[in-house]
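Report on one structure; see the data block that follows.
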Amino acid sequence: MARFGYVLSSEEWGPDDLVWQAVQAQDAGFESLGISDHFHPWNDEQGQSPFVWGVLGAISREVDIPISTHVTAPILRIHPAIVAQAAATASLQFRGRFVLGVGSGEALNEQILGDMWPLADERLDMLDEAVEIMRALWSGDVVTHHGEHYAVEWARLYTAPAEPIPVYVSAFGPKALELAGRIGDGLVSTSPEADAIETFNKAGGAGKPTLAGTKLCYGPDLDAAVETAHRLWPNTGLPGQLSQDLRTPAHFMQASSLVTADQIGSSTPCGPDLNVHLSAIREYVDAGFDEVLIHQIGPLQNEFFRFAADELLPALRET
């Protein structure tokens with residue numbers, strides 16, 4: 001049976017709110033947490049971008065359920081050796097309940113230091129090498145590495161994890177899914193595609209966990225919920241590679257001006273109808289995902305957690 005978690009949106013909320021939401025999610029009956037790792041939000045309406053590693057430390061003192069980054073890109077903005085150190089500390093703080101979700105990143109976050117933005121295939125190669133470096137460091141041994149993309153010299157994590165940290169790889173498209181199956185301890189996705197799981201399994205992922213994240217906007221008024229989803233997340237309506245290649249929140253706002261509220265309302269479950277939300281979430285379960293993380297868009301967090309505890313989660317667990 002699939003388990004259900006809650007997404008902590010670092011793009012929408014500051015650190016104290018994220019810690020509060022983590023506690024509320026656990027109390028409502030969610031079995032896990034995911035937290036986004038961004039330097040920028042996608043647009044100014046979202047308006048936040050706290051440093052995820054500091055927030056994780058605070059959350060670790062308040063909850064007992066597992067948590068994953070959804071996802072970290074250890075390729076440009078932060079060197080993989082530094083991500084390895086941060087993840088090792090998080091794993092200890094969460095007493096082994098921490099999963100490092102990784103991906104090849106977006107220019108929105110990764111170009112802030114003025115680096116060139118590699119093409120997708122090169123970013124996947126960088127991710128492959130980054131994961132190799134991190135796993136070597138988590139052993140607690142001295143690591144020297146001179147690879148195609150990264151150098152590490154005489155580096156040792158004295159505060160190493162007590163056990164290997166699971167690395168789940170975010171993947172979209174055949175090459176990324178092949179990489180995820182080959183090097184990942186699990187798969188991260190945002191689409192309810194059974195074919196993606198099949199490709200992942202054939203590449204070495206068979207028997208490994210599969211995790212997906214999905215958005216909804218619960219609220220008592222359908223039109224108001226659609227407006228909220230459109231105001232905060234119009235970028236979900238952008239096609240193709242735009243989400244990877246646009247560089248700034250301003251660029252995303254310009255592109256998202258072409259996305260209508262009707263488009264968001266037709267693709268994102270909104271409003272008070274339990275069956276609308278159940279149907280959308282069950283698509284992921286039916287596709288074969290082991291874990292589904294749910295992101296409630298907007299300010300009605302208290303209302304959503306009551307809805308989740310009283311209606312949504314019990315109904316999901318009946319099937």
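Naming scheme: A, B, ... for chains in displayed order of the structure tokens; residues 1 onward per chain; ligands 1 onward as shown.
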What are the closest atom pairs, with distances in Å to one decimal, for each residue of region 23-109 of chain A lying within 10 Å of region 178-193 of chain A, using only C-alpha atoms, rows by chain and rising residue number, as a Markdown table?
```
| residue | atom | partner | partner_atom | distance |
| --- | --- | --- | --- | --- |
| A:His70 | CA | A:Val188 | CA | 7.9 |
| A:Val71 | CA | A:Val188 | CA | 8.4 |
| A:Val99 | CA | A:Asp185 | CA | 9.5 |
| A:Leu100 | CA | A:Asp185 | CA | 9.7 |
| A:Gly101 | CA | A:Val188 | CA | 7.2 |
| A:Val102 | CA | A:Val188 | CA | 8.4 |
| A:Gly103 | CA | A:Val188 | CA | 8.8 |
```
Output N, CA, C and O atoms for every residue in that selection, as a compact mmCIF listing (two decimals), in the first residue's frame.
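Below is the file that was written, selection-v8.txt:
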```txt
# COMPACT_ATOMS: atom_id res chain seq x y z
N HIS A 70 13.46 17.55 -1.92
CA HIS A 70 12.63 17.29 -3.10
C HIS A 70 12.74 18.47 -4.09
O HIS A 70 11.82 19.24 -4.22
N VAL A 71 13.89 18.64 -4.79
CA VAL A 71 15.13 17.89 -4.67
C VAL A 71 16.31 18.87 -4.61
O VAL A 71 16.17 20.04 -4.94
N VAL A 99 16.31 11.23 3.64
CA VAL A 99 16.59 10.81 2.27
C VAL A 99 17.06 12.02 1.48
O VAL A 99 16.42 13.08 1.53
N LEU A 100 18.17 11.88 0.78
CA LEU A 100 18.65 12.95 -0.09
C LEU A 100 18.07 12.74 -1.48
O LEU A 100 18.47 11.83 -2.21
N GLY A 101 17.09 13.55 -1.84
CA GLY A 101 16.58 13.57 -3.21
C GLY A 101 17.44 14.51 -4.04
O GLY A 101 17.71 15.64 -3.62
N VAL A 102 17.91 14.04 -5.18
CA VAL A 102 18.80 14.85 -6.02
C VAL A 102 18.26 14.94 -7.44
O VAL A 102 17.51 14.07 -7.89
N GLY A 103 18.69 15.99 -8.14
CA GLY A 103 18.31 16.17 -9.53
C GLY A 103 19.33 17.02 -10.24
O GLY A 103 20.29 17.52 -9.64
```
| field | Ser267 (chain A) surroundings by only C-alpha atoms, 10 Å radius, close-in-sequence under 4 positions cut, as a PyMOL selection string | value | chain A and resi 215-216+236-237+262-263+280
Can I get the selected residues back with C-alpha atoms, as a CSV table (one decimal), in the first residue's frame?
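So the final result, stored in again29.csv, reads:
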```
chain,number,residue,atom,x,y,z
A,215,LYS,CA,0.0,19.8,-6.0
A,216,LEU,CA,-3.6,20.6,-5.0
A,236,THR,CA,3.3,24.6,-13.6
A,237,GLY,CA,1.6,25.4,-16.9
A,262,ASP,CA,-8.6,28.0,-16.6
A,263,GLN,CA,-5.4,26.1,-17.6
A,280,ALA,CA,-5.9,13.1,-8.8
```
| query | What lies within 8 Å of region 36-42 of chain A using only C-alpha atoms, ignoring chain neighbours under 4 positions off, as number ranges by chain? | reply | A: 7-12, 46-52, 69-72, 108-109, 233, 235, 248-249, 252-253
Emit the selected residues as a CSV table (one decimal), in the first residue's frame, including C-alpha atoms.
```
chain,number,residue,atom,x,y,z
A,7,VAL,CA,5.4,18.7,0.8
A,8,LEU,CA,7.0,21.7,2.6
A,9,SER,CA,7.2,24.4,0.0
A,10,SER,CA,10.3,26.5,0.6
A,11,GLU,CA,9.2,28.8,-2.3
A,12,GLU,CA,6.0,29.8,-0.4
A,46,GLN,CA,5.6,32.8,-3.8
A,47,GLY,CA,8.1,35.1,-2.2
A,48,GLN,CA,10.4,32.9,-0.1
A,49,SER,CA,13.6,30.8,-0.3
A,50,PRO,CA,15.0,29.9,3.1
A,51,PHE,CA,18.2,27.8,3.2
A,52,VAL,CA,16.9,24.3,3.4
A,69,THR,CA,14.8,16.9,-0.1
A,70,HIS,CA,12.6,17.3,-3.1
A,71,VAL,CA,15.1,17.9,-4.7
A,72,THR,CA,18.7,19.1,-4.2
A,108,LEU,CA,16.7,29.5,-11.7
A,109,ASN,CA,18.8,28.3,-8.8
A,233,TRP,CA,2.0,28.4,-9.3
A,235,ASN,CA,4.7,28.2,-13.8
A,248,THR,CA,15.2,34.3,-13.0
A,249,PRO,CA,11.8,34.7,-11.3
A,252,PHE,CA,9.2,32.9,-15.1
A,253,MET,CA,6.7,35.6,-14.5
```
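Within 10 Å of Ala58 (chain A), once only C-alpha atoms are used and residues closer than 3 positions along the same chain are dropped, the contacting residues are Pro15, Asp16, Leu18, Val19, Trp53, Gly54, Val55, Arg61, Glu62, Val63 and Gln93 of chain A.
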Excluding Leu76 (chain A) and residues on its chain fewer than 3 positions from it, collect all residues at most 8 Å away from it, counting only C-alpha atoms, and give them as a CSV table (one decimal) with C-alpha atoms, in the first residue's frame.
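Just written: around.csv:
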```csv
chain,number,residue,atom,x,y,z
A,73,ALA,CA,21.0,19.8,-7.2
A,79,HIS,CA,29.8,21.6,-4.6
A,110,GLU,CA,22.1,27.1,-10.2
A,111,GLN,CA,23.3,30.1,-12.3
A,115,ASP,CA,28.4,29.6,-14.1
```
Return as JSON lines the residues of region 151-265 of chain A lying at most 12 Å from region 281-297 of chain A, together with the closest atom-to-atom pair for each and the distance in Å to one decimal, counting only C-alpha atoms, with rows in chain order and ascending residue number.
```
{"residue": "A:Gly186", "atom": "CA", "partner": "A:Asp290", "partner_atom": "CA", "distance": 10.2}
{"residue": "A:Leu187", "atom": "CA", "partner": "A:Phe289", "partner_atom": "CA", "distance": 9.2}
{"residue": "A:Val188", "atom": "CA", "partner": "A:Phe289", "partner_atom": "CA", "distance": 9.4}
{"residue": "A:Ser189", "atom": "CA", "partner": "A:Phe289", "partner_atom": "CA", "distance": 9.2}
{"residue": "A:Thr190", "atom": "CA", "partner": "A:Tyr284", "partner_atom": "CA", "distance": 9.0}
{"residue": "A:Ser191", "atom": "CA", "partner": "A:Tyr284", "partner_atom": "CA", "distance": 7.5}
{"residue": "A:Pro192", "atom": "CA", "partner": "A:Tyr284", "partner_atom": "CA", "distance": 4.6}
{"residue": "A:Glu193", "atom": "CA", "partner": "A:Ala287", "partner_atom": "CA", "distance": 5.9}
{"residue": "A:Ala194", "atom": "CA", "partner": "A:Ala287", "partner_atom": "CA", "distance": 4.5}
{"residue": "A:Asp195", "atom": "CA", "partner": "A:Ala287", "partner_atom": "CA", "distance": 8.3}
{"residue": "A:Ala196", "atom": "CA", "partner": "A:Ala287", "partner_atom": "CA", "distance": 9.2}
{"residue": "A:Ile197", "atom": "CA", "partner": "A:Gly288", "partner_atom": "CA", "distance": 7.4}
{"residue": "A:Glu198", "atom": "CA", "partner": "A:Gly288", "partner_atom": "CA", "distance": 9.4}
{"residue": "A:Phe200", "atom": "CA", "partner": "A:Phe289", "partner_atom": "CA", "distance": 11.8}
{"residue": "A:Asn201", "atom": "CA", "partner": "A:Gly288", "partner_atom": "CA", "distance": 11.4}
{"residue": "A:Ala206", "atom": "CA", "partner": "A:Gly288", "partner_atom": "CA", "distance": 11.9}
{"residue": "A:Gly207", "atom": "CA", "partner": "A:Asp290", "partner_atom": "CA", "distance": 10.5}
{"residue": "A:Lys208", "atom": "CA", "partner": "A:Asp290", "partner_atom": "CA", "distance": 9.4}
{"residue": "A:Pro209", "atom": "CA", "partner": "A:Asp290", "partner_atom": "CA", "distance": 6.2}
{"residue": "A:Thr210", "atom": "CA", "partner": "A:Phe289", "partner_atom": "CA", "distance": 5.2}
{"residue": "A:Leu211", "atom": "CA", "partner": "A:Glu291", "partner_atom": "CA", "distance": 4.7}
{"residue": "A:Ala212", "atom": "CA", "partner": "A:Val292", "partner_atom": "CA", "distance": 5.0}
{"residue": "A:Gly213", "atom": "CA", "partner": "A:Leu293", "partner_atom": "CA", "distance": 4.5}
{"residue": "A:Thr214", "atom": "CA", "partner": "A:Ile294", "partner_atom": "CA", "distance": 5.3}
{"residue": "A:Lys215", "atom": "CA", "partner": "A:His295", "partner_atom": "CA", "distance": 4.6}
{"residue": "A:Leu216", "atom": "CA", "partner": "A:Gln296", "partner_atom": "CA", "distance": 5.3}
{"residue": "A:Cys217", "atom": "CA", "partner": "A:Ile297", "partner_atom": "CA", "distance": 4.9}
{"residue": "A:Tyr218", "atom": "CA", "partner": "A:Gln296", "partner_atom": "CA", "distance": 6.8}
{"residue": "A:Gly219", "atom": "CA", "partner": "A:Gln296", "partner_atom": "CA", "distance": 9.8}
{"residue": "A:Ala224", "atom": "CA", "partner": "A:Ile297", "partner_atom": "CA", "distance": 11.8}
{"residue": "A:Ala225", "atom": "CA", "partner": "A:Ile297", "partner_atom": "CA", "distance": 8.7}
{"residue": "A:Val226", "atom": "CA", "partner": "A:Ile297", "partner_atom": "CA", "distance": 10.0}
{"residue": "A:Glu227", "atom": "CA", "partner": "A:Ile297", "partner_atom": "CA", "distance": 10.8}
{"residue": "A:Thr228", "atom": "CA", "partner": "A:Ile297", "partner_atom": "CA", "distance": 7.5}
{"residue": "A:Ala229", "atom": "CA", "partner": "A:Ile297", "partner_atom": "CA", "distance": 6.3}
{"residue": "A:His230", "atom": "CA", "partner": "A:Ile297", "partner_atom": "CA", "distance": 9.8}
{"residue": "A:Arg231", "atom": "CA", "partner": "A:Ile297", "partner_atom": "CA", "distance": 10.1}
{"residue": "A:Leu232", "atom": "CA", "partner": "A:Ile297", "partner_atom": "CA", "distance": 7.6}
{"residue": "A:Trp233", "atom": "CA", "partner": "A:Ile297", "partner_atom": "CA", "distance": 8.1}
{"residue": "A:Pro234", "atom": "CA", "partner": "A:Ile297", "partner_atom": "CA", "distance": 11.5}
```
Residues from the last selection, N, CA, C and O atoms, saved as a compact mmCIF listing (two decimals), in the first residue's frame:
```txt
# COMPACT_ATOMS: atom_id res chain seq x y z
N GLY A 186 16.30 5.18 -5.17
CA GLY A 186 14.88 5.38 -5.37
C GLY A 186 14.67 6.40 -6.46
O GLY A 186 15.62 7.06 -6.93
N LEU A 187 13.43 6.56 -6.88
CA LEU A 187 13.05 7.48 -7.96
C LEU A 187 12.17 8.59 -7.40
O LEU A 187 11.29 8.34 -6.56
N VAL A 188 12.37 9.82 -7.89
CA VAL A 188 11.49 10.95 -7.59
C VAL A 188 10.89 11.45 -8.89
O VAL A 188 11.60 11.62 -9.89
N SER A 189 9.57 11.69 -8.89
CA SER A 189 8.89 12.18 -10.08
C SER A 189 7.78 13.14 -9.67
O SER A 189 7.46 13.26 -8.48
N THR A 190 7.21 13.81 -10.67
CA THR A 190 6.04 14.65 -10.41
C THR A 190 4.90 14.31 -11.37
O THR A 190 3.90 15.02 -11.39
N SER A 191 5.05 13.23 -12.14
CA SER A 191 4.03 12.86 -13.12
C SER A 191 3.57 11.43 -12.85
O SER A 191 4.39 10.55 -12.57
N PRO A 192 2.27 11.17 -12.98
CA PRO A 192 1.75 9.82 -12.71
C PRO A 192 1.91 8.91 -13.92
O PRO A 192 0.93 8.45 -14.52
N GLU A 193 3.14 8.62 -14.28
CA GLU A 193 3.44 7.87 -15.49
C GLU A 193 3.99 6.49 -15.15
O GLU A 193 5.12 6.35 -14.67
N ALA A 194 3.20 5.47 -15.42
CA ALA A 194 3.65 4.10 -15.18
C ALA A 194 4.83 3.76 -16.07
O ALA A 194 5.71 2.97 -15.68
N ASP A 195 4.89 4.34 -17.29
CA ASP A 195 6.00 4.06 -18.20
C ASP A 195 7.33 4.50 -17.60
O ASP A 195 8.37 3.87 -17.84
N ALA A 196 7.32 5.60 -16.85
CA ALA A 196 8.55 6.08 -16.23
C ALA A 196 9.05 5.06 -15.20
O ALA A 196 10.26 4.79 -15.14
N ILE A 197 8.15 4.51 -14.42
CA ILE A 197 8.55 3.50 -13.44
C ILE A 197 9.09 2.27 -14.16
O ILE A 197 10.09 1.67 -13.73
N GLU A 198 8.47 1.89 -15.26
CA GLU A 198 8.94 0.72 -16.02
C GLU A 198 10.36 0.95 -16.53
O GLU A 198 11.22 0.06 -16.43
N PHE A 200 12.61 3.05 -15.31
CA PHE A 200 13.45 3.05 -14.11
C PHE A 200 13.75 1.63 -13.66
O PHE A 200 14.91 1.28 -13.36
N ASN A 201 12.74 0.78 -13.62
CA ASN A 201 12.93 -0.60 -13.18
C ASN A 201 13.88 -1.36 -14.10
O ASN A 201 14.76 -2.10 -13.64
N ALA A 206 14.39 -1.87 -10.23
CA ALA A 206 13.38 -2.82 -9.76
C ALA A 206 13.53 -3.09 -8.27
O ALA A 206 14.62 -3.40 -7.79
N GLY A 207 12.44 -2.96 -7.55
CA GLY A 207 12.45 -3.19 -6.11
C GLY A 207 12.83 -1.98 -5.29
O GLY A 207 12.73 -2.03 -4.06
N LYS A 208 13.25 -0.89 -5.93
CA LYS A 208 13.61 0.33 -5.21
C LYS A 208 12.38 1.22 -5.05
O LYS A 208 11.46 1.18 -5.86
N PRO A 209 12.35 2.07 -4.01
CA PRO A 209 11.18 2.92 -3.78
C PRO A 209 10.98 3.94 -4.90
O PRO A 209 11.93 4.43 -5.50
N THR A 210 9.71 4.25 -5.14
CA THR A 210 9.35 5.29 -6.11
C THR A 210 8.47 6.32 -5.41
O THR A 210 7.49 5.98 -4.76
N LEU A 211 8.83 7.58 -5.56
CA LEU A 211 8.19 8.69 -4.84
C LEU A 211 7.75 9.73 -5.86
O LEU A 211 8.48 10.03 -6.80
N ALA A 212 6.55 10.27 -5.66
CA ALA A 212 6.06 11.32 -6.54
C ALA A 212 5.46 12.45 -5.72
O ALA A 212 4.91 12.22 -4.64
N GLY A 213 5.57 13.67 -6.23
CA GLY A 213 4.96 14.83 -5.60
C GLY A 213 3.87 15.40 -6.48
O GLY A 213 4.00 15.42 -7.71
N THR A 214 2.79 15.86 -5.86
CA THR A 214 1.70 16.45 -6.61
C THR A 214 1.11 17.62 -5.85
O THR A 214 1.18 17.67 -4.62
N LYS A 215 0.54 18.57 -6.59
CA LYS A 215 -0.02 19.78 -6.00
C LYS A 215 -1.54 19.73 -6.01
O LYS A 215 -2.15 19.18 -6.93
N LEU A 216 -2.13 20.36 -5.01
CA LEU A 216 -3.56 20.61 -5.00
C LEU A 216 -3.81 21.91 -4.24
O LEU A 216 -2.91 22.44 -3.57
N CYS A 217 -5.01 22.43 -4.36
CA CYS A 217 -5.38 23.64 -3.62
C CYS A 217 -6.76 23.43 -3.02
O CYS A 217 -7.78 23.73 -3.65
N TYR A 218 -6.78 22.89 -1.81
CA TYR A 218 -8.04 22.69 -1.11
C TYR A 218 -8.55 24.03 -0.58
O TYR A 218 -7.77 24.87 -0.10
N GLY A 219 -9.87 24.21 -0.62
CA GLY A 219 -10.50 25.40 -0.05
C GLY A 219 -12.00 25.31 -0.21
O GLY A 219 -12.50 24.55 -1.06
N ALA A 224 -12.10 30.57 -5.79
CA ALA A 224 -11.02 31.17 -5.01
C ALA A 224 -9.80 30.27 -4.98
O ALA A 224 -8.65 30.74 -5.04
N ALA A 225 -10.01 28.95 -4.90
CA ALA A 225 -8.89 28.02 -4.90
C ALA A 225 -8.16 28.04 -6.23
O ALA A 225 -6.92 28.01 -6.28
N VAL A 226 -8.90 28.09 -7.33
CA VAL A 226 -8.26 28.18 -8.65
C VAL A 226 -7.46 29.47 -8.77
O VAL A 226 -6.33 29.47 -9.27
N GLU A 227 -8.02 30.56 -8.28
CA GLU A 227 -7.30 31.84 -8.33
C GLU A 227 -6.01 31.76 -7.53
O GLU A 227 -4.96 32.27 -7.96
N THR A 228 -6.06 31.13 -6.36
CA THR A 228 -4.87 30.99 -5.54
C THR A 228 -3.81 30.14 -6.25
O THR A 228 -2.62 30.50 -6.28
N ALA A 229 -4.23 29.02 -6.81
CA ALA A 229 -3.28 28.15 -7.51
C ALA A 229 -2.67 28.87 -8.71
O ALA A 229 -1.46 28.75 -8.97
N HIS A 230 -3.47 29.65 -9.42
CA HIS A 230 -2.96 30.38 -10.59
C HIS A 230 -2.03 31.51 -10.16
O HIS A 230 -1.01 31.76 -10.80
N ARG A 231 -2.37 32.19 -9.09
CA ARG A 231 -1.54 33.31 -8.63
C ARG A 231 -0.17 32.83 -8.15
O ARG A 231 0.85 33.47 -8.43
N LEU A 232 -0.16 31.70 -7.45
CA LEU A 232 1.09 31.25 -6.84
C LEU A 232 1.90 30.31 -7.74
O LEU A 232 3.14 30.32 -7.69
N TRP A 233 1.24 29.48 -8.55
CA TRP A 233 1.95 28.44 -9.30
C TRP A 233 1.58 28.43 -10.78
O TRP A 233 1.37 27.33 -11.35
N PRO A 234 1.52 29.58 -11.46
CA PRO A 234 1.24 29.54 -12.90
C PRO A 234 2.35 28.84 -13.68
O PRO A 234 2.12 28.33 -14.78
```
Need the shell around Ser32 (chain A): protein/DNA/RNA residues with any atom at most 8 Å away, counting only C-alpha atoms. Skip same-chain ones fewer than 3 positions apart. Format as a compact mmCIF listing (two decimals) with N, CA and C atoms, in the first residue's frame?
```txt
# COMPACT_ATOMS: atom_id res chain seq x y z
N PHE A 4 1.58 8.22 2.27
CA PHE A 4 1.29 9.58 1.85
C PHE A 4 2.04 10.57 2.74
N GLY A 5 2.71 11.51 2.09
CA GLY A 5 3.48 12.52 2.79
C GLY A 5 3.04 13.91 2.42
N TYR A 6 3.69 14.88 3.03
CA TYR A 6 3.35 16.29 2.81
C TYR A 6 4.56 17.05 2.31
N GLN A 26 2.54 15.91 10.53
CA GLN A 26 2.68 14.69 11.33
C GLN A 26 1.43 14.45 12.17
N ILE A 65 8.83 11.63 11.72
CA ILE A 65 8.60 10.96 10.45
C ILE A 65 9.74 11.27 9.48
N PRO A 66 9.94 10.41 8.48
CA PRO A 66 11.04 10.62 7.53
C PRO A 66 10.85 11.89 6.70
N ILE A 67 11.97 12.39 6.18
CA ILE A 67 11.94 13.59 5.34
C ILE A 67 12.95 13.44 4.22
N LEU A 293 3.69 12.47 -2.19
CA LEU A 293 3.80 13.67 -1.36
C LEU A 293 2.83 14.72 -1.88
```
| said: From a backbone DSSP assignment, name each residue in region 179-267 of chain A labelled helix (DSSP H, G or I), as a PyMOL selection string. | reply: chain A and resi 179-183+194-205+222-232+234-237+242-245+249-256+261-267
| request: Tell me, in Å to one decimal, how far CA of Pro174 (chain A) is from CA of Asp121 (chain A). | output: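 These two atoms are separated by 11.1 Å.
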| said: Between A:Thr159, A:Thr268, A:Gln244, A:Ser256, which residue has the minimum interatomic distance to Pro118 (chain A), considering only C-alpha atoms? | reply: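 Closest to Pro118 (chain A) of all the choices is A:Gln244.
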| query | Using only C-alpha atoms, which of A:Asp27, A:Ile112, A:Ala155, A:Ala84 sits nearest Asp310 (chain A)? | reply |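 With only C-alpha atoms as the atom set, the closest residue is A:Asp27.
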| Selection near Ala160 (chain A), 12 Å with only C-alpha atoms, sequence-local residues under 3 positions removed, as a VMD selection string | chain A and resid 84 to 93 96 134 to 142 155 to 157 163 to 165
| field | Pairwise distance for CA of Ile75 (chain A) and CA of Ala130 (chain A), rounded to one decimal in Å | value | 6.7 Å
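Atom pair CA of Glu45 (chain A) / CA of Gly298 (chain A) has a distance of 10.4 Å (rounded to one decimal).
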